[in-house]
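Here's start.txt, which has compact mmCIF, C-alpha atoms:
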```
# COMPACT_ATOMS: atom_id res chain seq x y z
CA MET A 144 32.55 8.87 -26.89
CA VAL A 145 29.99 8.00 -24.24
CA TYR A 146 26.52 6.68 -25.08
CA PHE A 147 23.68 6.38 -22.56
CA GLN A 148 20.44 4.48 -22.80
CA ASP A 149 17.89 4.48 -19.98
CA ALA A 150 15.41 1.66 -19.64
CA GLU A 151 12.40 0.99 -17.40
CA VAL A 152 11.46 -2.44 -16.16
CA LEU A 153 8.05 -3.15 -14.62
CA THR A 154 8.68 -6.16 -12.43
CA GLU A 155 5.82 -8.48 -11.60
CA LYS A 156 6.98 -10.37 -8.52
CA HIS A 157 8.54 -9.63 -5.16
CA PHE A 158 11.66 -11.58 -6.14
CA GLN A 159 12.36 -11.83 -9.85
CA PHE A 160 15.19 -12.21 -12.31
CA VAL A 161 14.74 -10.34 -15.59
CA ARG A 162 17.04 -11.22 -18.51
CA LEU A 163 18.66 -8.14 -20.05
CA THR A 164 21.26 -9.55 -22.43
CA ASP A 165 19.41 -8.88 -25.67
CA SER A 166 18.59 -5.29 -24.65
CA VAL A 167 22.22 -4.59 -23.74
CA ARG A 168 23.52 -6.13 -26.94
CA GLU A 169 21.13 -3.96 -28.95
CA ALA A 170 22.16 -0.83 -27.05
CA VAL A 171 25.79 -1.51 -27.86
CA ARG A 172 24.96 -1.77 -31.55
CA GLU A 173 22.86 1.40 -31.42
CA SER A 174 25.72 3.30 -29.76
CA GLY A 175 27.92 3.05 -32.83
CA ILE A 176 30.93 2.54 -30.58
CA ARG A 177 33.36 0.00 -32.03
CA ASN A 178 35.78 -0.60 -29.17
CA GLY A 179 35.38 0.11 -25.44
CA MET A 180 33.27 -1.03 -22.51
CA VAL A 181 29.58 -1.36 -21.73
CA PHE A 182 28.22 -0.92 -18.22
CA VAL A 183 24.78 -1.90 -16.99
CA VAL A 184 23.81 -0.10 -13.77
CA THR A 185 20.63 -0.21 -11.70
CA ALA A 186 19.35 2.99 -10.10
CA HIS A 187 18.03 1.30 -6.95
CA THR A 188 19.27 -0.11 -3.65
CA THR A 189 16.88 -3.06 -3.52
CA THR A 190 17.71 -4.41 -6.96
CA GLY A 191 20.85 -5.86 -8.47
CA ILE A 192 22.63 -6.61 -11.69
CA THR A 193 24.32 -9.96 -11.94
CA VAL A 194 25.72 -12.33 -14.54
CA ASN A 195 25.24 -16.06 -14.66
CA GLU A 196 24.26 -18.85 -16.99
CA GLY A 197 20.75 -18.37 -18.30
CA LEU A 198 19.18 -21.54 -17.00
CA GLU A 199 15.91 -21.81 -15.05
CA CYS A 200 17.52 -24.26 -12.63
CA LEU A 201 20.29 -21.79 -11.80
CA GLU A 202 17.81 -18.97 -11.42
CA SER A 203 15.99 -21.12 -8.87
CA ASP A 204 19.27 -21.90 -7.08
CA MET A 205 20.27 -18.24 -7.03
CA GLU A 206 16.96 -17.36 -5.39
CA THR A 207 17.34 -20.15 -2.85
CA VAL A 208 20.88 -19.14 -1.93
CA LEU A 209 20.07 -15.44 -1.63
CA CYS A 210 17.03 -16.19 0.53
CA ASN A 211 19.08 -18.52 2.72
CA LEU A 212 21.79 -15.89 3.10
CA VAL A 213 19.22 -13.20 3.80
CA PRO A 214 16.14 -14.88 5.30
CA ASP A 215 12.76 -13.19 5.13
CA ASP A 216 12.01 -13.06 8.83
CA ALA A 217 15.27 -12.27 10.60
CA PRO A 218 15.12 -9.44 13.19
CA TYR A 219 16.52 -6.72 10.94
CA VAL A 220 17.06 -3.28 12.45
CA HIS A 221 15.81 -1.70 9.23
CA ALA A 222 12.22 -2.24 10.39
CA HIS A 223 11.11 0.99 12.01
CA TRP A 224 9.37 4.30 11.45
CA LEU A 225 11.26 6.61 9.05
CA PRO A 226 10.19 10.20 9.79
CA THR A 227 11.75 11.66 6.65
CA TYR A 228 9.81 9.18 4.52
CA GLY A 229 6.57 9.13 6.51
CA ARG A 230 6.50 5.36 6.42
CA THR A 231 7.95 2.30 8.07
CA SER A 232 10.91 0.55 6.53
CA ALA A 233 10.30 -3.09 5.87
CA ASN A 234 12.61 -4.03 3.04
CA ALA A 235 15.90 -4.92 4.68
CA THR A 236 15.93 -8.18 2.74
CA GLY A 237 15.92 -6.27 -0.54
CA HIS A 238 18.81 -4.05 0.49
CA LEU A 239 20.90 -6.95 1.75
CA ARG A 240 20.30 -9.24 -1.21
CA ALA A 241 21.20 -6.36 -3.51
CA MET A 242 24.47 -6.02 -1.62
CA VAL A 243 25.32 -9.59 -2.60
CA THR A 244 24.68 -9.15 -6.32
CA GLY A 245 26.03 -5.63 -6.62
CA ASN A 246 24.52 -2.83 -8.67
CA HIS A 247 26.23 -3.26 -12.07
CA CYS A 248 28.12 -5.38 -14.53
CA ALA A 249 30.67 -4.54 -17.24
CA PHE A 250 31.68 -6.16 -20.53
CA PRO A 251 34.22 -5.34 -23.21
CA VAL A 252 33.05 -4.06 -26.59
CA ARG A 253 35.10 -5.07 -29.60
CA ASP A 254 34.34 -4.44 -33.25
CA GLY A 255 30.92 -3.08 -32.32
CA GLU A 256 29.79 -6.14 -30.37
CA MET A 257 29.58 -6.91 -26.64
CA LEU A 258 32.08 -9.66 -25.77
CA LEU A 259 29.96 -12.13 -23.85
CA GLY A 260 30.98 -15.65 -22.91
CA ALA A 261 28.87 -18.43 -24.37
CA ALA A 262 27.11 -19.11 -21.06
CA GLN A 263 26.79 -15.56 -19.81
CA GLU A 264 23.41 -13.94 -19.28
CA ILE A 265 22.91 -10.46 -17.81
CA TYR A 266 20.19 -10.34 -15.17
CA PHE A 267 18.31 -7.51 -13.54
CA ALA A 268 17.44 -8.81 -10.07
CA GLU A 269 14.30 -7.50 -8.34
CA PHE A 270 14.36 -7.95 -4.57
CA ASP A 271 11.49 -5.69 -3.50
CA GLY A 272 8.91 -5.82 -6.23
CA PRO A 273 6.70 -5.37 -8.03
CA GLN A 274 7.98 -1.91 -8.90
CA MET A 275 8.83 0.29 -11.86
CA ARG A 276 12.64 0.18 -12.07
CA LYS A 277 15.24 2.21 -13.93
CA ILE A 278 18.42 0.87 -15.51
CA THR A 279 21.15 2.76 -17.34
CA ILE A 280 23.24 1.19 -20.08
CA GLU A 281 26.41 3.16 -20.70
CA VAL A 282 28.78 2.43 -23.58
CA MET A 283 32.22 4.13 -23.45
CA GLY A 284 34.77 3.92 -26.22
CA GLU A 285 35.54 5.01 -29.74
CA MET B 282 -12.12 -13.02 -2.37
CA VAL B 283 -9.38 -10.93 -0.79
CA ILE B 284 -10.17 -7.24 -0.17
CA ASP B 285 -7.78 -4.57 1.07
CA LEU B 286 -9.96 -2.12 2.99
CA CYS B 287 -7.35 0.60 3.34
CA THR B 288 -5.44 1.97 0.36
CA TYR B 289 -4.56 5.58 -0.43
CA PRO B 290 -4.41 6.22 -4.17
CA GLY B 291 -3.02 9.76 -4.15
CA PHE B 292 0.14 8.88 -6.02
CA ILE B 293 -1.32 6.96 -8.92
CA GLN B 294 -0.17 8.56 -12.14
CA GLU B 295 -3.57 8.83 -13.78
CA ILE B 296 -4.66 11.41 -11.16
CA SER B 297 -1.20 12.90 -10.57
CA GLU B 298 -0.45 14.88 -13.70
CA ASP B 299 -0.23 18.18 -11.77
CA PRO B 300 3.06 18.46 -9.79
CA GLU B 301 1.46 20.93 -7.39
CA ARG B 302 -1.23 18.38 -6.53
CA VAL B 303 1.41 15.75 -5.89
CA ALA B 304 3.37 18.15 -3.66
CA PHE B 305 0.17 18.96 -1.74
CA ARG B 306 -0.49 15.26 -1.25
CA ARG B 307 3.03 14.53 -0.06
CA LYS B 308 2.81 17.35 2.46
CA THR B 309 -0.70 16.78 3.80
CA PHE B 310 -0.66 13.00 3.69
CA GLY B 311 2.85 12.92 5.12
CA LEU B 312 4.38 10.51 2.65
CA TYR B 313 7.25 12.72 1.68
CA LYS B 314 9.26 10.63 -0.80
CA GLN B 315 6.50 8.64 -2.43
CA HIS B 316 6.95 8.14 -6.16
CA VAL B 317 4.13 8.51 -8.64
CA TRP B 318 3.41 5.33 -10.53
CA PRO B 319 0.79 4.09 -12.99
CA MET B 320 -2.35 2.16 -12.25
CA LYS B 321 -0.90 -0.84 -14.07
CA LEU B 322 1.82 -1.08 -11.40
CA PHE B 323 -0.78 -0.84 -8.62
CA ILE B 324 -2.70 -3.70 -10.23
CA THR B 325 0.53 -5.69 -10.68
CA GLN B 326 1.19 -5.21 -6.96
CA LEU B 327 -2.34 -6.36 -6.12
CA ASN B 328 -1.77 -9.45 -8.25
CA ALA B 329 1.57 -10.20 -6.61
CA ALA B 330 -0.04 -9.92 -3.18
CA GLY B 331 -3.02 -12.08 -4.13
CA ILE B 332 -5.51 -9.28 -3.51
CA ASP B 333 -8.66 -9.17 -5.61
CA LYS B 334 -10.01 -5.73 -4.75
CA ALA B 335 -8.74 -2.54 -3.14
CA VAL B 336 -10.83 0.05 -1.34
CA LEU B 337 -9.65 3.51 -2.43
CA LEU B 338 -9.84 6.22 0.21
CA GLY B 339 -9.85 9.92 -0.57
CA GLU B 340 -9.61 12.75 1.94
CA ASP B 341 -11.39 16.10 1.87
CA LEU B 342 -9.47 18.76 3.82
CA THR B 343 -11.15 21.74 2.20
CA THR B 344 -11.76 23.93 5.24
CA ARG B 345 -8.40 23.34 6.97
CA CYS B 346 -6.00 22.89 4.03
CA GLY B 347 -7.85 24.32 1.07
CA GLY B 348 -8.26 21.13 -0.91
CA CYS B 349 -8.59 17.38 -1.06
CA ILE B 350 -5.74 14.88 -0.93
CA VAL B 351 -7.85 12.89 -3.39
CA THR B 352 -11.25 14.13 -4.56
CA ASN B 353 -14.34 12.03 -4.97
CA GLU B 354 -14.15 12.66 -8.72
CA GLU B 355 -10.59 11.30 -8.77
CA ILE B 356 -11.70 8.23 -6.84
CA ARG B 357 -14.38 7.66 -9.49
CA THR B 358 -11.78 8.08 -12.25
CA LEU B 359 -9.61 5.37 -10.71
CA VAL B 360 -12.52 3.01 -10.16
CA ASP B 361 -13.47 3.42 -13.80
CA LEU B 362 -9.95 2.41 -14.85
CA ALA B 363 -10.35 -0.98 -13.18
CA PRO B 364 -13.93 -1.41 -12.01
CA ASP B 365 -13.48 -5.09 -11.23
CA ARG B 366 -10.51 -4.36 -8.92
CA MET B 367 -11.33 -1.03 -7.25
CA ILE B 368 -13.97 0.03 -4.71
CA GLY B 369 -14.22 3.77 -4.20
CA PHE B 370 -15.14 5.49 -0.93
CA ALA B 371 -16.16 9.13 -0.74
CA SER B 372 -14.64 11.65 1.60
CA VAL B 373 -16.36 14.77 2.86
CA ASP B 374 -15.02 17.50 5.10
CA PRO B 375 -17.71 17.67 7.80
CA HIS B 376 -17.02 21.39 8.29
CA ARG B 377 -18.05 22.22 4.71
CA GLU B 378 -21.39 23.96 4.60
CA ASP B 379 -22.32 21.80 1.64
CA ALA B 380 -21.11 18.54 3.20
CA PRO B 381 -24.46 16.70 2.88
CA GLU B 382 -24.81 17.75 -0.76
CA VAL B 383 -21.25 16.61 -1.53
CA LEU B 384 -21.90 13.24 0.07
CA LYS B 385 -25.24 12.76 -1.64
CA ASP B 386 -23.58 13.54 -4.98
CA ALA B 387 -20.86 11.00 -4.23
CA PHE B 388 -23.43 8.30 -3.50
CA THR B 389 -25.79 9.09 -6.37
CA ARG B 390 -23.93 10.55 -9.35
CA LEU B 391 -20.49 9.09 -8.59
CA GLN B 392 -21.86 5.82 -7.22
CA LEU B 393 -19.19 5.53 -4.55
CA SER B 394 -19.49 2.67 -2.09
CA GLY B 395 -19.09 4.30 1.30
CA LEU B 396 -17.85 7.24 3.32
CA VAL B 397 -14.42 7.69 4.89
CA LEU B 398 -13.82 10.29 7.58
CA ASN B 399 -10.63 11.25 9.38
CA PRO B 400 -11.44 12.87 12.74
CA SER B 401 -7.81 13.85 13.42
CA THR B 402 -7.08 15.62 10.15
CA GLN B 403 -10.62 16.91 9.68
CA ARG B 404 -10.82 18.04 13.32
CA PHE B 405 -14.09 16.68 14.62
CA TYR B 406 -15.42 14.30 17.22
CA PRO B 407 -17.48 11.47 15.70
CA GLY B 408 -20.32 11.98 18.17
CA ASP B 409 -20.75 15.66 17.22
CA GLU B 410 -24.35 16.34 16.19
CA ALA B 411 -23.07 18.23 13.15
CA LEU B 412 -22.22 14.84 11.64
CA GLU B 413 -25.78 13.54 11.90
CA PRO B 414 -26.80 14.51 8.33
CA LEU B 415 -23.85 12.52 6.97
CA TYR B 416 -24.65 9.45 9.05
CA SER B 417 -28.29 9.69 8.03
CA LEU B 418 -27.33 9.79 4.36
CA CYS B 419 -25.19 6.68 4.83
CA GLU B 420 -28.15 4.90 6.36
CA GLU B 421 -30.50 6.15 3.65
CA TYR B 422 -28.22 4.86 0.87
CA ASN B 423 -27.08 1.75 2.80
CA LYS B 424 -23.43 2.83 2.72
CA PRO B 425 -20.83 2.07 5.43
CA VAL B 426 -18.55 4.54 7.21
CA ILE B 427 -14.82 4.18 7.84
CA PHE B 428 -13.26 6.33 10.56
CA GLN B 429 -9.49 6.75 10.27
CA MET B 430 -8.57 6.39 13.94
CA GLY B 431 -5.71 5.76 16.31
CA VAL B 432 -2.51 7.74 16.16
CA SER B 433 -2.47 9.22 12.68
CA LEU B 434 0.75 9.04 10.71
CA GLN B 435 -0.31 12.18 8.86
CA PRO B 436 1.10 15.52 10.07
CA ASP B 437 -0.93 17.99 12.10
CA ALA B 438 -3.42 15.34 13.17
CA PRO B 439 -4.11 15.40 16.93
CA ALA B 440 -4.65 11.95 18.44
CA LYS B 441 -7.35 13.23 20.79
CA TYR B 442 -9.83 12.98 17.91
CA GLY B 443 -8.75 9.44 17.06
CA LYS B 444 -9.75 7.54 20.18
CA PRO B 445 -12.13 4.72 19.29
CA LEU B 446 -14.46 5.13 22.27
CA LEU B 447 -15.54 8.37 20.59
CA VAL B 448 -17.32 6.22 18.02
CA GLU B 449 -19.59 4.62 20.61
CA ASP B 450 -22.08 7.49 20.45
CA VAL B 451 -22.43 6.87 16.73
CA LEU B 452 -22.90 3.13 17.24
CA LEU B 453 -25.60 3.75 19.85
CA ALA B 454 -27.44 6.34 17.77
CA HIS B 455 -27.17 4.37 14.52
CA PRO B 456 -27.42 0.64 15.18
CA ASN B 457 -28.01 -0.05 11.48
CA LEU B 458 -25.02 1.96 10.28
CA ARG B 459 -22.00 -0.19 9.49
CA VAL B 460 -18.93 1.44 11.05
CA CYS B 461 -15.26 0.49 10.78
CA VAL B 462 -12.20 2.02 12.42
CA SER B 463 -9.00 1.90 10.41
CA HIS B 464 -5.61 1.04 11.87
CA PHE B 465 -7.41 -0.87 14.66
CA ALA B 466 -7.26 2.60 16.25
CA TRP B 467 -3.78 1.72 17.48
CA PRO B 468 -2.65 2.03 20.28
CA TRP B 469 -6.18 1.82 21.74
CA VAL B 470 -6.70 -1.72 20.52
CA GLU B 471 -8.27 -3.01 23.76
CA ASP B 472 -10.96 -0.34 23.47
CA VAL B 473 -11.60 -1.47 19.91
CA ALA B 474 -11.82 -5.13 20.94
CA ALA B 475 -14.33 -4.23 23.65
CA LEU B 476 -16.53 -2.35 21.19
CA LEU B 477 -16.22 -5.14 18.63
CA ILE B 478 -17.74 -7.76 20.92
CA LYS B 479 -20.53 -5.40 21.99
CA TYR B 480 -21.73 -3.76 18.78
CA PRO B 481 -22.73 -5.95 15.82
CA ASN B 482 -22.41 -3.02 13.39
CA PHE B 483 -18.80 -2.26 14.38
CA TYR B 484 -15.63 -3.44 12.59
CA ALA B 485 -11.90 -2.72 12.62
CA ASP B 486 -9.19 -3.13 10.00
CA THR B 487 -5.60 -4.32 10.28
CA SER B 488 -3.82 -1.43 8.55
CA MET B 489 -1.39 -0.70 11.37
CA LEU B 490 2.38 -0.63 11.32
CA TYR B 491 4.03 1.68 13.82
CA PHE B 492 6.99 -0.41 14.99
CA ASP B 493 9.04 -3.36 13.76
CA SER B 494 8.23 -5.48 10.73
CA PRO B 495 4.64 -6.17 9.65
CA LYS B 496 4.77 -9.72 11.00
CA GLU B 497 6.34 -8.66 14.29
CA PHE B 498 3.85 -5.86 14.81
CA MET B 499 0.83 -7.98 13.88
CA HIS B 500 1.95 -10.64 16.38
CA HIS B 501 2.50 -7.94 19.01
CA VAL B 502 -1.05 -6.60 18.63
CA PHE B 503 -2.86 -9.92 18.26
CA GLY B 504 -0.69 -11.89 20.67
CA GLN B 505 0.39 -9.44 23.35
CA GLN B 506 -1.75 -6.30 23.38
CA LEU B 507 -4.80 -8.51 22.78
CA GLY B 508 -5.23 -12.09 23.90
CA ALA B 509 -3.69 -14.61 21.54
CA PHE B 510 -7.06 -16.27 20.87
CA TRP B 511 -9.31 -13.21 20.79
CA LEU B 512 -9.26 -12.79 17.04
CA ASP B 513 -9.85 -16.45 16.23
CA ARG B 514 -12.46 -17.10 18.92
CA SER B 515 -14.38 -13.87 19.33
CA LEU B 516 -13.51 -11.30 16.68
CA HIS B 517 -13.39 -13.54 13.60
CA SER B 518 -16.34 -11.80 11.96
CA LYS B 519 -15.35 -8.25 12.92
CA VAL B 520 -11.77 -7.74 11.71
CA LEU B 521 -11.01 -6.75 8.11
CA PHE B 522 -7.74 -6.89 6.23
CA GLY B 523 -6.32 -3.48 5.41
CA SER B 524 -2.80 -2.59 4.40
CA GLY B 525 -2.41 1.18 4.51
CA TYR B 526 -0.74 1.08 1.05
CA PRO B 527 1.39 2.80 -0.12
CA ARG B 528 2.70 3.60 3.35
CA ILE B 529 3.48 -0.11 3.47
CA GLU B 530 3.40 -2.78 0.79
CA GLN B 531 0.25 -4.89 0.59
CA LEU B 532 2.19 -8.11 0.13
CA ARG B 533 3.96 -7.66 3.45
CA MET B 534 0.79 -6.76 5.35
CA LYS B 535 -1.14 -9.70 3.92
CA GLU B 536 1.68 -12.08 4.77
CA ALA B 537 1.67 -10.66 8.31
CA VAL B 538 -2.03 -11.43 8.74
CA GLU B 539 -1.54 -14.90 7.23
CA ASP B 540 1.27 -15.49 9.71
CA LEU B 541 -1.12 -15.20 12.69
CA ALA B 542 -1.92 -18.94 12.46
CA LEU B 543 -5.65 -18.37 12.36
CA ARG B 544 -8.14 -21.09 11.53
CA PRO B 545 -8.70 -21.21 7.74
CA ALA B 546 -12.30 -20.08 8.19
CA THR B 547 -11.20 -17.08 10.24
CA LEU B 548 -8.47 -16.16 7.76
CA GLN B 549 -10.96 -16.26 4.89
CA LYS B 550 -13.25 -13.90 6.76
CA VAL B 551 -10.50 -11.49 7.76
CA LEU B 552 -9.01 -11.34 4.28
CA GLY B 553 -12.26 -10.69 2.48
CA GLY B 554 -15.50 -12.17 3.75
CA ASN B 555 -15.93 -9.62 6.51
CA ALA B 556 -15.16 -6.76 4.13
CA GLU B 557 -17.85 -7.91 1.73
CA ARG B 558 -20.36 -7.90 4.59
CA PHE B 559 -19.16 -4.50 5.78
CA ILE B 560 -19.22 -2.85 2.37
CA TYR B 561 -22.36 -4.37 0.92
CA GLY B 562 -24.29 -5.26 4.06
CA GLU B 563 -24.63 -8.89 3.13
CA ALA B 564 -25.67 -11.38 5.76
CA ASP B 565 -22.93 -13.30 7.58
```
What would you get if you wrote out this structure as structure tokens?
Amino acid sequence: MVYFQDAEVLTEKHFQFVRLTDSVREAVRESGIRNGMVFVVTAHTTTGITVNEGLECLESDMETVLCNLVPDDAPYVHAHWLPTYGRTSANATGHLRAMVTGNHCAFPVRDGEMLLGAAQEIYFAEFDGPQMRKITIEVMGE
Amino acid sequence: MVIDLCTYPGFIQEISEDPERVAFRRKTFGLYKQHVWPMKLFITQLNAAGIDKAVLLGEDLTTRCGGCIVTNEEIRTLVDLAPDRMIGFASVDPHREDAPEVLKDAFTRLQLSGLVLNPSTQRFYPGDEALEPLYSLCEEYNKPVIFQMGVSLQPDAPAKYGKPLLVEDVLLAHPNLRVCVSHFAWPWVEDVAALLIKYPNFYADTSMLYFDSPKEFMHHVFGQQLGAFWLDRSLHSKVLFGSGYPRIEQLRMKEAVEDLALRPATLQKVLGGNAERFIYGEAD
């Protein structure tokens, strides 16, 4: 059996971590699937899904590290007129930071519950906000 | 007070229920992959950028394209959704036989705050006598005029209509009419600078991004095409912040202007003080 749940997130900042763990846990319960896997996938190329300990200090460090790895004002090539869009690209930082976090995470499901380590928090990472974002939670199993 | 003088609201959900209207806007405005999103996201984006008010620009292309990208009624609808955050400008196709009546209605019944014209997409020269009734109405109701000038990023929009020196006839004939050119009429920015120092009723906004990143392009215009000190020393009361949203994000354009290392007093004027004077005619 495969269960899908789509969610929208209205982010409020240009760079923002949004905690998703409770929503994913609830989706797993709603799926009725007892044993399998749950996947959380973002639909965008300037956002990410990542897992870390849910501490404000770590969220701050993650932002610092990502911004050091991908600085705001480097001479990115992705800063030019895009004829097929009718606009200029200006969000290379979002694309490159998203490359670091990746677009998804996965957890086992056992006895109807997501198997999450005690320190693990699922984050949606906004790198080009504010925007209205789409996330898919997919539970596969039996 | 921070005011964005150049935003295009054609993809805000509350006026985008009809898919055919959205398709028309994508085609005629030339923003081909733009998503539709709700007013609450627009306001969230304003908040994130630190912008207090946005000037909403419609565009009447009735005689050439058979409709408006955004009508004056739709502009009013959006202003009513957030009256403390939105300032609505009317658009009128100058080739409409009823153009003066449409503009008068926009100023009186709809209570819009100014007029926006696009010479390239609406196919007219600003000094054409046919425009005189519209300019006279602006003077009568103490409303400013924005000309969308420079190389237009919209399709089928000849640049020959967008040269800023074409506005000089209007400035000479209407010394009390407040006039602004959008996009600093890029690439003719030296012409704009020359008119700015000569005509007290003339302004220009910063909504220009044709190459590179917003910061790089803003530094190119205000540090290479124009003298590095021209804005801070001579044009500090004549340049208005504009983003061109949603063709580019407001946050990035505001940061680009802030990155010009202007004196705090100049930055305050560019980000909002000059716009207040332009829109409402308040004394400097």
Distance criterion (all atoms listed in the file): nearest to Gly284 in chain A out of A:Val171, A:Ile265, A:Met180, A:Ala150: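 Between A:Val171, A:Ile265, A:Met180, A:Ala150, the residue approaching Gly284 in chain A most closely is A:Met180.
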Between CA of Pro273 in chain A and CA of Ile296 in chain B, distance in Å (one decimal):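 It comes out at 20.5 Å.
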Test item: residues at most 7 Å from Val213 in chain A, all atoms listed in the file, excluding those fewer than 5 positions along its chain, as a list in words: Thr236, Leu239 and Arg240 of chain A
Chain A contacts on chain B, all atoms listed in the file, 9 Å, as an MDAnalysis selection string: chainID B and resid 310:315 318:319 322:323 325:326 328:330 434:435 490:497 527:530 532:533
Show me, as a PDB file with C-alpha atoms, keeping the file's coordinate frame, the residues that have an atom within 10 Å of Leu163 in chain A when counting only C-alpha atoms, minus same-chain residues fewer than 5 positions from it.
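Produced file out-v5.pdb, reproduced below:
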```pdb
ATOM      1  CA  VAL A 152      11.460  -2.440 -16.160  1.00  0.00           C
ATOM      2  CA  ARG A 168      23.520  -6.130 -26.940  1.00  0.00           C
ATOM      3  CA  VAL A 183      24.780  -1.900 -16.990  1.00  0.00           C
ATOM      4  CA  ILE A 192      22.630  -6.610 -11.690  1.00  0.00           C
ATOM      5  CA  VAL A 194      25.720 -12.330 -14.540  1.00  0.00           C
ATOM      6  CA  GLU A 264      23.410 -13.940 -19.280  1.00  0.00           C
ATOM      7  CA  ILE A 265      22.910 -10.460 -17.810  1.00  0.00           C
ATOM      8  CA  TYR A 266      20.190 -10.340 -15.170  1.00  0.00           C
ATOM      9  CA  PHE A 267      18.310  -7.510 -13.540  1.00  0.00           C
TER      10      PHE A 267
END
```
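Straight-line separation from CA of Phe270 in chain A to CA of Thr190 in chain A: 5.4 Å.
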Who sits within 6 Å of Asp341 in chain B, all atoms listed in the file, same chain under 6 positions skipped, as a list in words: Cys349, Ser372, Val373 and Asp374 of chain B
Residues within 12 Å of (-23.7, 14.6, 12.4), counting all atoms listed in the file, listed as an MDAnalysis selection string: chainID B and resid 374:376 380:381 398 405:419 448 450:451 454:455
Could you write out that same residue set with C-alpha atoms as a short mmCIF file (atom, residue, chain, number, x, y, z; two decimals), keeping the file's coordinate frame?
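See out.cif below for the written result:
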```cif
data_model
loop_
_atom_site.label_atom_id
_atom_site.label_comp_id
_atom_site.auth_asym_id
_atom_site.auth_seq_id
_atom_site.Cartn_x
_atom_site.Cartn_y
_atom_site.Cartn_z
CA ASP B 374 -15.02 17.50 5.10
CA PRO B 375 -17.71 17.67 7.80
CA HIS B 376 -17.02 21.39 8.29
CA ALA B 380 -21.11 18.54 3.20
CA PRO B 381 -24.46 16.70 2.88
CA LEU B 398 -13.82 10.29 7.58
CA PHE B 405 -14.09 16.68 14.62
CA TYR B 406 -15.42 14.30 17.22
CA PRO B 407 -17.48 11.47 15.70
CA GLY B 408 -20.32 11.98 18.17
CA ASP B 409 -20.75 15.66 17.22
CA GLU B 410 -24.35 16.34 16.19
CA ALA B 411 -23.07 18.23 13.15
CA LEU B 412 -22.22 14.84 11.64
CA GLU B 413 -25.78 13.54 11.90
CA PRO B 414 -26.80 14.51 8.33
CA LEU B 415 -23.85 12.52 6.97
CA TYR B 416 -24.65 9.45 9.05
CA SER B 417 -28.29 9.69 8.03
CA LEU B 418 -27.33 9.79 4.36
CA CYS B 419 -25.19 6.68 4.83
CA VAL B 448 -17.32 6.22 18.02
CA ASP B 450 -22.08 7.49 20.45
CA VAL B 451 -22.43 6.87 16.73
CA ALA B 454 -27.44 6.34 17.77
CA HIS B 455 -27.17 4.37 14.52
#
```
